Amino acid sequence: MRISLFYASTFGIIGVHLPFFPVWLKAIGVDVSWIGFITAAPSLSRFTVLPFVTATAEHRQILRGTMIALAFVTAAGFAWLGLLRDPLTILIVYAVIACLWTPLSPLTDGYALKGVACYGLDYGRMRLWGSASFVVFALIAGLLFEIIEPQNLIWIIVAMAFLSALVGLGIAPLDTPAASPAHQGRAIGLLRQPLFLAIIGSSALIQGSHAAYYVFSSITWQNAGFGGFAIAALWSIGVAAEIVVFAISPRFTLSPQVLVLIGAASGVLRWVITAQEPRIEVLAVVQLMHGLTFGITQVGTVALIVRSVPHHVIASAQGYMVATQGATTSLTMICSGLIYAWAGEGVYYAMAVMAFAGGLVMAFARKRLDTHHAVTG
């Protein structure tokens, strides 16, 4: 219950941040090309600082303390960011915040997956509270968008960040033995295993294909005349579908590899349709596919990690996966900004190609993963 509450509070931040942070940047006068670079900062931090933070926290068995400390410092960082207006300064400060904020997700997942491995807990049902919170706070932010100036949206993010930090104080310490130095060596050894690389590579391509959606969907919808509540509702429809996927995930009988392939195929279809600049009614239906493009990909990837990675390096494995996603997504966000300035919604065709590539990686690795799990299972 405590980790579910922490998921809820941390995803509450994301529920406000993802739809409205680019809108805030635009409202304070940041150019669209700068927005692409600024919003890429969290993804860049995922493959630079993040793996070291997750590996160190796991090696020293201080997951809980690290999560709480990072939550408080992140909240203070967003408060500082709200006072800035120069694009270069915003980029620098936001990059620092990203280095502190982005490790929270893999650390929380690592903490939760240790419960899955040791006690048979259900990852999907813990994680769905994060998605549910995303919907609630995105809708709240959408309503506030109608009554406050866009340049003040940052303070909603600040309030949510401090709430999350306070909730983090309630996380219970993990009852696990201290790791030996050899364990860290084994964690690094994951990067020499082709099957592990295939898992995180496929996930990075499919999840990275959401980059243009994360950065430019709200701006595009705002330009199309949609109000703040309509924008939040479109985001929330997608996350509601994601919640359903997490809730019913224990009933899935398909292999994790097939789940990832379904996510890839859904990504190709979703982004091709989105590139057509559909009406809001069609967009609402297409947003339901987020449950497949993101949710089912996440469920499949996590299941593959739990089945393929030793318990004592699960958090590190999660860190490597998020780092790979960060490298892919950051490059995609930067390129998306350039493509969007030139081709507008045509950027989603590039996202469809990425999702297809992720499916190919998993398709090639599928038989070897089946064999590996048959032997180790």
# chains A, B, ... in the order shown; residues from 1 in each chain; ligands from 1
>>> closest_atom_pairs(of="range 234-332 of chain A", to="range 343-366 of chain A", cutoff="12 Å", atoms="only C-alpha atoms", output="Markdown table")
| residue | atom | partner | partner_atom | distance |
| --- | --- | --- | --- | --- |
| A:Ser255 | CA | A:Arg366 | CA | 9.7 |
| A:Pro256 | CA | A:Arg366 | CA | 9.5 |
| A:Gln257 | CA | A:Arg366 | CA | 6.1 |
| A:Val258 | CA | A:Arg366 | CA | 8.3 |
| A:Leu259 | CA | A:Met362 | CA | 10.1 |
| A:Val260 | CA | A:Gly359 | CA | 7.3 |
| A:Leu261 | CA | A:Gly359 | CA | 5.3 |
| A:Ile262 | CA | A:Gly359 | CA | 8.2 |
| A:Gly263 | CA | A:Gly359 | CA | 8.0 |
| A:Ala264 | CA | A:Gly359 | CA | 5.0 |
| A:Ala265 | CA | A:Phe356 | CA | 6.7 |
| A:Ser266 | CA | A:Ala355 | CA | 8.3 |
| A:Gly267 | CA | A:Ala355 | CA | 5.5 |
| A:Val268 | CA | A:Ala352 | CA | 4.3 |
| A:Leu269 | CA | A:Ala352 | CA | 7.3 |
| A:Arg270 | CA | A:Ala352 | CA | 7.7 |
| A:Trp271 | CA | A:Tyr348 | CA | 5.2 |
| A:Val272 | CA | A:Tyr349 | CA | 5.8 |
| A:Ile273 | CA | A:Tyr348 | CA | 8.6 |
| A:Thr274 | CA | A:Tyr348 | CA | 6.7 |
| A:Ala275 | CA | A:Glu345 | CA | 5.0 |
| A:Gln276 | CA | A:Glu345 | CA | 7.3 |
| A:Glu277 | CA | A:Glu345 | CA | 6.7 |
| A:Pro278 | CA | A:Glu345 | CA | 10.3 |
| A:Leu292 | CA | A:Ala355 | CA | 11.9 |
| A:Thr293 | CA | A:Ala355 | CA | 8.7 |
| A:Phe294 | CA | A:Ala355 | CA | 10.8 |
| A:Thr297 | CA | A:Gly359 | CA | 10.3 |
| A:Gly300 | CA | A:Met362 | CA | 10.9 |
| A:Thr301 | CA | A:Met362 | CA | 10.4 |
| A:Leu304 | CA | A:Arg366 | CA | 11.0 |
| A:Gln325 | CA | A:Gly358 | CA | 11.5 |
| A:Thr328 | CA | A:Met354 | CA | 9.9 |
| A:Thr329 | CA | A:Met354 | CA | 10.5 |
| A:Thr332 | CA | A:Met351 | CA | 8.6 |
>>> residues_around(residues="Ala112 in chain A", least_positions_apart="6", cutoff="8 Å", atoms="only C-alpha atoms", output="list in words")
Ile3, Tyr123 and Met126 of chain A
>>> write_last_selection(atoms="N, CA and C atoms", output="PDB file, in the first residue's frame")
ATOM      1  N   ILE A   3       3.958   1.662  -1.182  1.00  0.00           N
ATOM      2  CA  ILE A   3       4.610   1.909  -2.468  1.00  0.00           C
ATOM      3  C   ILE A   3       3.562   2.301  -3.513  1.00  0.00           C
ATOM      4  N   TYR A 123       2.962  -6.559  -9.613  1.00  0.00           N
ATOM      5  CA  TYR A 123       3.493  -5.269 -10.076  1.00  0.00           C
ATOM      6  C   TYR A 123       2.404  -4.414 -10.716  1.00  0.00           C
ATOM      7  N   MET A 126       0.171  -2.594  -8.236  1.00  0.00           N
ATOM      8  CA  MET A 126       0.844  -1.490  -7.550  1.00  0.00           C
ATOM      9  C   MET A 126       1.018  -0.320  -8.501  1.00  0.00           C
TER      10      MET A 126
END
>>> closest_residue(among="A:Ala211, A:Val49, A:Ile13, A:Ala57", to="Ile334 in chain A", atoms="only C-alpha atoms")
A:Ala211
>>> closest_residue(among="A:Gln318, A:Met160, A:Tyr111, A:Pro103", to="Leu70 in chain A", atoms="only C-alpha atoms")
A:Pro103
>>> residues_around(residues="Ala8 in chain A", least_positions_apart="5", cutoff="9 Å", atoms="only C-alpha atoms", output="list in words")
Ile3, Ile13, Arg127, Leu128, Trp129, Gly130, Ser131, Ala132, Ser133, Phe134 and Ser164 of chain A
>>> write_last_selection(atoms="N, CA and C atoms", output="PDB file, in the first residue's frame")
ATOM      1  N   ILE A   3       3.958   1.662  -1.182  1.00  0.00           N
ATOM      2  CA  ILE A   3       4.610   1.909  -2.468  1.00  0.00           C
ATOM      3  C   ILE A   3       3.562   2.301  -3.513  1.00  0.00           C
ATOM      4  N   ILE A  13       2.849  14.080 -10.254  1.00  0.00           N
ATOM      5  CA  ILE A  13       3.743  15.098 -10.825  1.00  0.00           C
ATOM      6  C   ILE A  13       3.771  14.968 -12.345  1.00  0.00           C
ATOM      7  N   ARG A 127       1.455  -0.628  -9.704  1.00  0.00           N
ATOM      8  CA  ARG A 127       1.780   0.406 -10.686  1.00  0.00           C
ATOM      9  C   ARG A 127       0.550   1.148 -11.196  1.00  0.00           C
ATOM     10  N   LEU A 128      -0.610   0.495 -11.202  1.00  0.00           N
ATOM     11  CA  LEU A 128      -1.805   1.145 -11.753  1.00  0.00           C
ATOM     12  C   LEU A 128      -2.209   2.368 -10.951  1.00  0.00           C
ATOM     13  N   TRP A 129      -1.834   2.422  -9.643  1.00  0.00           N
ATOM     14  CA  TRP A 129      -2.177   3.602  -8.848  1.00  0.00           C
ATOM     15  C   TRP A 129      -1.414   4.832  -9.331  1.00  0.00           C
ATOM     16  N   GLY A 130      -0.231   4.609  -9.894  1.00  0.00           N
ATOM     17  CA  GLY A 130       0.480   5.718 -10.504  1.00  0.00           C
ATOM     18  C   GLY A 130      -0.259   6.242 -11.716  1.00  0.00           C
ATOM     19  N   SER A 131      -0.734   5.332 -12.546  1.00  0.00           N
ATOM     20  CA  SER A 131      -1.471   5.731 -13.742  1.00  0.00           C
ATOM     21  C   SER A 131      -2.786   6.409 -13.380  1.00  0.00           C
ATOM     22  N   ALA A 132      -3.484   5.876 -12.366  1.00  0.00           N
ATOM     23  CA  ALA A 132      -4.742   6.487 -11.936  1.00  0.00           C
ATOM     24  C   ALA A 132      -4.513   7.908 -11.436  1.00  0.00           C
ATOM     25  N   SER A 133      -3.430   8.088 -10.689  1.00  0.00           N
ATOM     26  CA  SER A 133      -3.095   9.418 -10.186  1.00  0.00           C
ATOM     27  C   SER A 133      -2.766  10.362 -11.329  1.00  0.00           C
ATOM     28  N   PHE A 134      -2.081   9.845 -12.351  1.00  0.00           N
ATOM     29  CA  PHE A 134      -1.777  10.660 -13.528  1.00  0.00           C
ATOM     30  C   PHE A 134      -3.066  11.252 -14.101  1.00  0.00           C
ATOM     31  N   SER A 164       4.611  14.715  -3.089  1.00  0.00           N
ATOM     32  CA  SER A 164       5.245  13.416  -3.319  1.00  0.00           C
ATOM     33  C   SER A 164       6.373  13.164  -2.329  1.00  0.00           C
TER      34      SER A 164
END
>>> residues_around(residues="range 24-41 of chain A", least_positions_apart="6", cutoff="10 Å", atoms="only C-alpha atoms", output="VMD selection string")
chain A and resid 17 to 18 82 84 to 88 90 to 99 102 149 to 154 211 to 212 214 to 216 219 326 to 327 329 to 341
>>> write_last_selection(atoms="N, CA and C atoms", output="CSV table (one decimal), in the first residue's frame")
chain,number,residue,atom,x,y,z
A,17,HIS,N,3.0,17.5,-15.3
A,17,HIS,CA,4.2,17.9,-16.0
A,17,HIS,C,4.2,17.6,-17.5
A,18,LEU,N,3.8,16.3,-17.9
A,18,LEU,CA,3.9,15.9,-19.3
A,18,LEU,C,2.9,16.8,-20.2
A,82,GLY,N,10.7,27.7,-11.5
A,82,GLY,CA,9.6,28.6,-11.7
A,82,GLY,C,9.9,30.0,-11.8
A,84,LEU,N,12.6,31.3,-13.3
A,84,LEU,CA,13.5,31.6,-14.4
A,84,LEU,C,12.7,31.9,-15.7
A,85,ARG,N,13.3,32.6,-16.6
A,85,ARG,CA,12.7,32.9,-17.9
A,85,ARG,C,13.7,32.8,-19.1
A,86,ASP,N,15.0,32.8,-18.9
A,86,ASP,CA,15.9,32.7,-20.0
A,86,ASP,C,16.0,31.3,-20.4
A,87,PRO,N,15.9,31.0,-21.7
A,87,PRO,CA,15.9,29.6,-22.2
A,87,PRO,C,17.1,28.8,-21.8
A,88,LEU,N,18.3,29.4,-22.0
A,88,LEU,CA,19.5,28.7,-21.7
A,88,LEU,C,19.6,28.4,-20.2
A,90,ILE,N,17.1,28.1,-18.1
A,90,ILE,CA,16.1,27.0,-17.9
A,90,ILE,C,16.6,25.7,-18.3
A,91,LEU,N,17.3,25.6,-19.4
A,91,LEU,CA,17.8,24.3,-19.9
A,91,LEU,C,18.8,23.8,-18.9
A,92,ILE,N,19.7,24.6,-18.4
A,92,ILE,CA,20.8,24.2,-17.4
A,92,ILE,C,20.1,23.7,-16.1
A,93,VAL,N,19.2,24.5,-15.6
A,93,VAL,CA,18.6,24.2,-14.3
A,93,VAL,C,17.7,22.9,-14.4
A,94,TYR,N,17.0,22.9,-15.5
A,94,TYR,CA,16.1,21.7,-15.7
A,94,TYR,C,16.9,20.4,-15.9
A,95,ALA,N,18.1,20.6,-16.5
A,95,ALA,CA,19.0,19.4,-16.7
A,95,ALA,C,19.4,18.9,-15.3
A,96,VAL,N,19.7,19.8,-14.4
A,96,VAL,CA,20.1,19.4,-13.0
A,96,VAL,C,19.0,18.7,-12.3
A,97,ILE,N,17.8,19.3,-12.4
A,97,ILE,CA,16.6,18.7,-11.8
A,97,ILE,C,16.4,17.3,-12.4
A,98,ALA,N,16.5,17.2,-13.7
A,98,ALA,CA,16.3,15.9,-14.3
A,98,ALA,C,17.2,14.8,-13.7
A,99,CYS,N,18.5,15.2,-13.4
A,99,CYS,CA,19.4,14.2,-12.9
A,99,CYS,C,19.0,13.7,-11.5
A,102,THR,N,14.8,11.9,-12.4
A,102,THR,CA,14.6,10.7,-13.3
A,102,THR,C,14.9,9.4,-12.6
A,149,GLU,N,-3.3,31.8,-15.3
A,149,GLU,CA,-2.5,32.1,-16.4
A,149,GLU,C,-1.5,30.9,-16.7
A,150,PRO,N,-1.3,30.6,-18.0
A,150,PRO,CA,-0.4,29.5,-18.4
A,150,PRO,C,1.0,29.6,-17.8
A,151,GLN,N,1.5,30.9,-17.6
A,151,GLN,CA,2.9,31.0,-17.1
A,151,GLN,C,2.9,30.7,-15.6
A,152,ASN,N,1.8,30.4,-15.0
A,152,ASN,CA,1.8,29.9,-13.6
A,152,ASN,C,1.6,28.4,-13.4
A,153,LEU,N,1.5,27.7,-14.5
A,153,LEU,CA,1.3,26.2,-14.5
A,153,LEU,C,2.5,25.5,-13.7
A,154,ILE,N,3.6,26.1,-13.7
A,154,ILE,CA,4.8,25.5,-13.0
A,154,ILE,C,4.6,25.3,-11.6
A,211,ALA,N,8.0,9.9,-28.0
A,211,ALA,CA,8.6,11.1,-27.7
A,211,ALA,C,7.9,12.3,-28.3
A,212,ALA,N,7.5,12.3,-29.6
A,212,ALA,CA,6.8,13.4,-30.2
A,212,ALA,C,5.5,13.6,-29.6
A,214,TYR,N,4.8,13.1,-26.4
A,214,TYR,CA,5.0,13.7,-25.1
A,214,TYR,C,5.3,15.2,-25.2
A,215,VAL,N,6.1,15.5,-26.2
A,215,VAL,CA,6.5,16.9,-26.4
A,215,VAL,C,5.5,17.8,-27.1
A,216,PHE,N,4.9,17.3,-28.1
A,216,PHE,CA,4.2,18.3,-29.0
A,216,PHE,C,2.7,18.1,-29.1
A,219,ILE,N,0.8,21.0,-27.5
A,219,ILE,CA,1.0,22.2,-28.2
A,219,ILE,C,0.1,22.1,-29.5
A,326,GLY,N,16.2,6.4,-22.0
A,326,GLY,CA,16.5,7.8,-22.0
A,326,GLY,C,17.4,8.2,-23.2
A,327,ALA,N,18.4,7.4,-23.5
A,327,ALA,CA,19.3,7.7,-24.6
A,327,ALA,C,18.5,7.7,-25.9
A,329,THR,N,15.1,8.1,-26.2
A,329,THR,CA,14.1,9.2,-26.2
A,329,THR,C,14.6,10.6,-26.3
A,330,SER,N,15.8,10.8,-25.7
A,330,SER,CA,16.4,12.1,-25.7
A,330,SER,C,16.8,12.5,-27.2
A,331,LEU,N,17.4,11.6,-27.9
A,331,LEU,CA,17.7,11.8,-29.3
A,331,LEU,C,16.5,12.0,-30.1
A,332,THR,N,15.5,11.2,-29.8
A,332,THR,CA,14.2,11.3,-30.5
A,332,THR,C,13.5,12.6,-30.3
A,333,MET,N,13.6,13.1,-29.0
A,333,MET,CA,12.9,14.4,-28.7
A,333,MET,C,13.6,15.5,-29.5
A,334,ILE,N,14.9,15.5,-29.5
A,334,ILE,CA,15.7,16.6,-30.2
A,334,ILE,C,15.3,16.5,-31.7
A,335,CYS,N,15.4,15.3,-32.2
A,335,CYS,CA,15.1,15.2,-33.7
A,335,CYS,C,13.6,15.6,-33.9
A,336,SER,N,12.7,15.2,-33.0
A,336,SER,CA,11.3,15.6,-33.2
A,336,SER,C,11.1,17.1,-33.2
A,337,GLY,N,11.8,17.8,-32.4
A,337,GLY,CA,11.7,19.3,-32.5
A,337,GLY,C,12.1,19.8,-33.8
A,338,LEU,N,13.1,19.3,-34.4
A,338,LEU,CA,13.5,19.7,-35.8
A,338,LEU,C,12.5,19.3,-36.8
A,339,ILE,N,12.1,18.0,-36.7
A,339,ILE,CA,11.1,17.5,-37.7
A,339,ILE,C,9.8,18.2,-37.6
A,340,TYR,N,9.3,18.5,-36.3
A,340,TYR,CA,8.1,19.1,-36.1
A,340,TYR,C,8.1,20.6,-36.7
A,341,ALA,N,9.2,21.3,-36.6
A,341,ALA,CA,9.3,22.6,-37.1
A,341,ALA,C,9.2,22.6,-38.6
>>> residues_around(residues="Phe6 in chain A", least_positions_apart="2", cutoff="9 Å", atoms="only C-alpha atoms", output="NGL selection string")
:A and (1-4 or 8-11 or 108 or 129-130 or 164-165 or 167-168 or 170-171)
>>> write_last_selection(atoms="N, CA and C atoms", output="short mmCIF file (atom, residue, chain, number, x, y, z; two decimals), in the first residue's frame")
data_model
loop_
_atom_site.label_atom_id
_atom_site.label_comp_id
_atom_site.auth_asym_id
_atom_site.auth_seq_id
_atom_site.Cartn_x
_atom_site.Cartn_y
_atom_site.Cartn_z
N MET A 1 0.82 -1.20 0.00
CA MET A 1 0.00 0.00 0.00
C MET A 1 0.86 1.26 0.00
N ARG A 2 1.96 1.23 0.75
CA ARG A 2 2.82 2.41 0.83
C ARG A 2 3.50 2.71 -0.50
N ILE A 3 3.96 1.66 -1.18
CA ILE A 3 4.61 1.91 -2.47
C ILE A 3 3.56 2.30 -3.51
N SER A 4 2.34 1.81 -3.38
CA SER A 4 1.27 2.22 -4.28
C SER A 4 0.99 3.71 -4.11
N ALA A 8 1.45 6.75 -6.74
CA ALA A 8 0.39 7.72 -7.01
C ALA A 8 0.90 9.15 -6.94
N SER A 9 1.72 9.44 -5.92
CA SER A 9 2.20 10.82 -5.76
C SER A 9 3.22 11.19 -6.83
N THR A 10 4.12 10.27 -7.16
CA THR A 10 5.13 10.60 -8.17
C THR A 10 4.51 10.74 -9.56
N PHE A 11 3.52 9.91 -9.86
CA PHE A 11 2.87 10.02 -11.16
C PHE A 11 1.90 11.19 -11.20
N THR A 108 11.90 3.30 -7.77
CA THR A 108 10.59 2.85 -7.30
C THR A 108 10.22 1.52 -7.92
N TRP A 129 -1.83 2.42 -9.64
CA TRP A 129 -2.18 3.60 -8.85
C TRP A 129 -1.41 4.83 -9.33
N GLY A 130 -0.23 4.61 -9.89
CA GLY A 130 0.48 5.72 -10.50
C GLY A 130 -0.26 6.24 -11.72
N SER A 164 4.61 14.72 -3.09
CA SER A 164 5.25 13.42 -3.32
C SER A 164 6.37 13.16 -2.33
N ALA A 165 7.17 14.19 -2.07
CA ALA A 165 8.27 14.04 -1.13
C ALA A 165 7.76 13.69 0.27
N VAL A 167 4.91 12.14 0.98
CA VAL A 167 4.40 10.76 0.93
C VAL A 167 5.55 9.76 1.01
N GLY A 168 6.70 10.12 0.41
CA GLY A 168 7.84 9.23 0.41
C GLY A 168 8.35 8.88 1.80
N GLY A 170 6.73 7.84 4.13
CA GLY A 170 6.01 6.67 4.65
C GLY A 170 6.46 5.35 4.08
N ILE A 171 7.40 5.35 3.12
CA ILE A 171 7.87 4.09 2.52
C ILE A 171 8.60 3.26 3.56
#
>>> residues_around(residues="Gly295 in chain A", least_positions_apart="6", cutoff="8 Å", atoms="only C-alpha atoms", output="ChimeraX atom specification")
/A:242-243,245-246,263
>>> write_last_selection(atoms="N, CA and C atoms", output="mmCIF file, in the first residue's frame")
data_model
loop_
_atom_site.group_PDB
_atom_site.id
_atom_site.type_symbol
_atom_site.label_atom_id
_atom_site.label_comp_id
_atom_site.auth_asym_id
_atom_site.auth_seq_id
_atom_site.Cartn_x
_atom_site.Cartn_y
_atom_site.Cartn_z
ATOM 1 N N GLU A 242 -4.305 2.548 -20.061
ATOM 2 C CA GLU A 242 -3.114 1.970 -19.433
ATOM 3 C C GLU A 242 -3.462 1.342 -18.085
ATOM 4 N N ILE A 243 -4.321 2.007 -17.308
ATOM 5 C CA ILE A 243 -4.736 1.495 -16.007
ATOM 6 C C ILE A 243 -5.450 0.153 -16.166
ATOM 7 N N VAL A 245 -5.068 -2.018 -18.520
ATOM 8 C CA VAL A 245 -4.073 -3.038 -18.868
ATOM 9 C C VAL A 245 -3.335 -3.512 -17.616
ATOM 10 N N PHE A 246 -2.894 -2.569 -16.764
ATOM 11 C CA PHE A 246 -2.190 -2.958 -15.540
ATOM 12 C C PHE A 246 -3.107 -3.775 -14.613
ATOM 13 N N GLY A 263 2.576 -4.450 -28.386
ATOM 14 C CA GLY A 263 2.833 -3.036 -28.154
ATOM 15 C C GLY A 263 3.472 -2.365 -29.356
#
